[in-house]
Amino acid sequence: MKTYNQHNFFKHTFCEFIQVDDFEFPEDTNYKSKSESSYFYTEEGVYRKSNHWGRVANCRWKLISNDSYKNQKNVIGFAKWIDFYPINSSEKIYFIDVDFKNKSAKIQTKKENSINYLFTFSEAQKKIKQINHLFSDDKWTKYFDATIDDLYFEIVSEFINSDKTLQQIKLEI
């Protein structure tokens, strides 16, 4: 696995920054981007002060925020160097975490001793898009003899734990 640092963390990476409320951003920041995001590097990781998260240039950087976070507000996040992962790799190091109660899905990086079915970043992105579409349009469920919640669970669970297409899974039910 590639090792990330202040010289390469901004090149096609996926990372989840944790919101930090008790960090005073120094005046002499290590780097300031064209979009006014500021970066401060430590041996352990990087602090980022920004008003935009998610798709950042060629990266996908999420912010794990507290309740006070508002979009377009400057927030400081911290990520360890070991929390950066390549998104342009053919390595299968991502899994999909589904919250059936809230009908949402997100990409997660593989954990040590993980038993989750793994995908490349692009495969996981495509599956997330399809899962979100399933959750937002339930017209297809009327063709099955089961509750919507049971269908969601059965189909999505099989989808995130295999290389089968949604069409294959639906045909098997």
# chains A, B, ... in the order shown; residues from 1 in each chain; ligands from 1

call {"tool": "select_by_dssp", "arguments": {"residues": "chain A", "states": "strand (DSSP E or B)", "output": "number ranges by chain"}}
result
A: 13-19, 31-32, 38-41, 45-50, 54-56, 59-64, 75-80, 85-86, 94-99, 104-109, 119

call {"tool": "write_last_selection", "arguments": {"atoms": "C-alpha atoms", "output": "PDB file, in the first residue's frame"}}
result
ATOM      1  CA  THR A  13      -6.975  10.078  -2.779  1.00  0.00           C
ATOM      2  CA  PHE A  14      -9.955   9.154  -0.629  1.00  0.00           C
ATOM      3  CA  CYS A  15      -9.970  10.243   3.005  1.00  0.00           C
ATOM      4  CA  GLU A  16     -12.309  11.012   5.871  1.00  0.00           C
ATOM      5  CA  PHE A  17     -11.246  14.046   7.867  1.00  0.00           C
ATOM      6  CA  ILE A  18     -12.520  14.416  11.432  1.00  0.00           C
ATOM      7  CA  GLN A  19     -13.825  17.864  12.388  1.00  0.00           C
ATOM      8  CA  TYR A  31      -0.028  25.692   1.965  1.00  0.00           C
ATOM      9  CA  LYS A  32      -3.003  27.754   0.784  1.00  0.00           C
ATOM     10  CA  SER A  38      -5.404  26.131   4.157  1.00  0.00           C
ATOM     11  CA  TYR A  39      -3.245  23.173   5.122  1.00  0.00           C
ATOM     12  CA  PHE A  40      -1.011  22.591   8.102  1.00  0.00           C
ATOM     13  CA  TYR A  41       1.194  19.489   8.158  1.00  0.00           C
ATOM     14  CA  GLY A  45      -1.162  14.009   9.447  1.00  0.00           C
ATOM     15  CA  VAL A  46      -2.689  17.149   7.984  1.00  0.00           C
ATOM     16  CA  TYR A  47      -5.098  19.816   9.195  1.00  0.00           C
ATOM     17  CA  ARG A  48      -7.308  21.317   6.514  1.00  0.00           C
ATOM     18  CA  LYS A  49      -9.341  24.508   6.917  1.00  0.00           C
ATOM     19  CA  SER A  50     -11.937  24.795   4.181  1.00  0.00           C
ATOM     20  CA  GLY A  54     -16.476  15.950  -0.790  1.00  0.00           C
ATOM     21  CA  ARG A  55     -15.048  16.269  -4.269  1.00  0.00           C
ATOM     22  CA  VAL A  56     -11.856  18.288  -3.899  1.00  0.00           C
ATOM     23  CA  CYS A  59      -9.735  13.695  -4.539  1.00  0.00           C
ATOM     24  CA  ARG A  60     -12.734  12.575  -2.500  1.00  0.00           C
ATOM     25  CA  TRP A  61     -12.364  14.012   0.978  1.00  0.00           C
ATOM     26  CA  LYS A  62     -15.263  13.647   3.359  1.00  0.00           C
ATOM     27  CA  LEU A  63     -15.720  15.527   6.594  1.00  0.00           C
ATOM     28  CA  ILE A  64     -16.955  13.609   9.611  1.00  0.00           C
ATOM     29  CA  VAL A  75     -14.301  24.135   9.184  1.00  0.00           C
ATOM     30  CA  ILE A  76     -11.068  22.529  10.288  1.00  0.00           C
ATOM     31  CA  GLY A  77     -10.627  18.817   9.752  1.00  0.00           C
ATOM     32  CA  PHE A  78      -7.745  16.505  10.590  1.00  0.00           C
ATOM     33  CA  ALA A  79      -6.647  13.290   8.893  1.00  0.00           C
ATOM     34  CA  LYS A  80      -3.719  11.025   9.647  1.00  0.00           C
ATOM     35  CA  TYR A  85      -6.195   5.739   0.202  1.00  0.00           C
ATOM     36  CA  PRO A  86      -5.740   5.725  -3.586  1.00  0.00           C
ATOM     37  CA  TYR A  94     -13.245  -0.408  -0.342  1.00  0.00           C
ATOM     38  CA  PHE A  95     -16.524  -1.795   0.908  1.00  0.00           C
ATOM     39  CA  ILE A  96     -20.042  -0.376   0.989  1.00  0.00           C
ATOM     40  CA  ASP A  97     -21.746   0.378   4.274  1.00  0.00           C
ATOM     41  CA  VAL A  98     -25.540   0.571   4.031  1.00  0.00           C
ATOM     42  CA  ASP A  99     -27.874   2.183   6.548  1.00  0.00           C
ATOM     43  CA  SER A 104     -28.258   5.594   2.564  1.00  0.00           C
ATOM     44  CA  ALA A 105     -24.982   4.020   1.545  1.00  0.00           C
ATOM     45  CA  LYS A 106     -21.383   5.143   1.792  1.00  0.00           C
ATOM     46  CA  ILE A 107     -17.958   3.969   0.788  1.00  0.00           C
ATOM     47  CA  GLN A 108     -15.646   2.785   3.558  1.00  0.00           C
ATOM     48  CA  THR A 109     -12.043   1.647   3.475  1.00  0.00           C
ATOM     49  CA  PHE A 119     -14.305  -3.271  -4.523  1.00  0.00           C
TER      50      PHE A 119
END

call {"tool": "select_by_dssp", "arguments": {"residues": "chain A", "states": "helix (DSSP H, G or I)", "output": "MDAnalysis selection string"}}
result
chainID A and resid 81:83 121:136 139:143 148:160 166:172

call {"tool": "atom_distance", "arguments": {"atom1": "atom CA of Phe121 of chain A", "atom2": "atom CA of Ile160 of chain A"}}
result
13.2 Å

call {"tool": "residues_around", "arguments": {"residues": "Asn161 of chain A", "least_positions_apart": "3", "cutoff": "10 Å", "atoms": "only C-alpha atoms", "output": "PyMOL selection string"}}
result
chain A and resi 95-96+115-119+156-158+164

call {"tool": "atom_distance", "arguments": {"atom1": "atom CA of Gln6 of chain A", "atom2": "atom CA of Gln72 of chain A"}}
result
24.9 Å

call {"tool": "residues_around", "arguments": {"residues": "segment 136-142 of chain A", "least_positions_apart": "3", "cutoff": "10 Å", "atoms": "only C-alpha atoms", "output": "short mmCIF file (atom, residue, chain, number, x, y, z; two decimals) with C-alpha atoms, in the first residue's frame"}}
result
data_model
loop_
_atom_site.label_atom_id
_atom_site.label_comp_id
_atom_site.auth_asym_id
_atom_site.auth_seq_id
_atom_site.Cartn_x
_atom_site.Cartn_y
_atom_site.Cartn_z
CA LYS A 103 -31.82 4.50 3.12
CA SER A 104 -28.26 5.59 2.56
CA GLN A 130 -27.32 2.25 -8.11
CA ILE A 131 -28.23 1.71 -4.46
CA ASN A 132 -29.28 5.35 -4.07
CA HIS A 133 -31.44 5.00 -7.16
CA ASP A 145 -44.32 -10.51 -3.33
CA ALA A 146 -42.48 -9.11 -0.30
CA THR A 147 -42.39 -5.95 1.78
CA ILE A 148 -40.33 -3.06 0.50
CA ASP A 149 -37.99 -3.18 3.50
CA LEU A 151 -36.70 -6.40 -0.67
CA TYR A 152 -34.27 -3.57 0.02
CA LYS A 170 -33.71 -9.35 -9.02
#

call {"tool": "atom_distance", "arguments": {"atom1": "atom CA of Glu154 of chain A", "atom2": "atom CA of Gln167 of chain A"}}
result
13.3 Å
